[in-house]
Amino acid sequence: MALLVPVFAYRTWRQLSAGAPAVLTGAARLPARLSVTLAYANGQWLVEVRKGRALLGTRHLVKTAEAMSMLASLDVPGVRSSVEEALAVDQTEAARQAERMRGELAELEAKLAGLSEMAELSDVRLPAQPGPPPAEKAAKHG
């Protein structure tokens, strides 16, 4: 308690002093900032608007051409190269996945063709053979 007295006394003295500049006793509250975010993730551009921490509305999809136009209007060094780099990485990954899927599709088509050929051959070479009469079946199993 003894340590707080000089602090309070100094503040009181400063407030009473006519020529002293005003001292802010509390943090000034600024109005909540409005922020607009344009984000790229998973091959899609999204825009969101926040006031302070509160999300206003929902996130909206933005066409790639519109997003690129918005970014081009900003004259910020490094933005264009960063965006081009991110898009190139996504394009390379998408091409790799497409190639893998084409390979899987070719394997499945070959398997299907082989199964279809086997089904056609079994229909041509193996006509339906009549089974033994039901009495003979019962005698063999019994």
# chains A, B, ... in the order shown; residues from 1 in each chain; ligands from 1
>>> residues_around(residues="segment 38-47 of chain A", least_positions_apart="6", cutoff="6 Å", atoms="only C-alpha atoms", output="ChimeraX atom specification")
/A:59-62
>>> closest_residue(among="A:Thr64, A:Arg96, A:Arg29, A:Ala119", to="Val83 of chain A", atoms="only C-alpha atoms")
A:Thr64
>>> atom_distance(atom1="atom CA of Thr37 of chain A", atom2="atom CA of Val49 of chain A")
6.4 Å
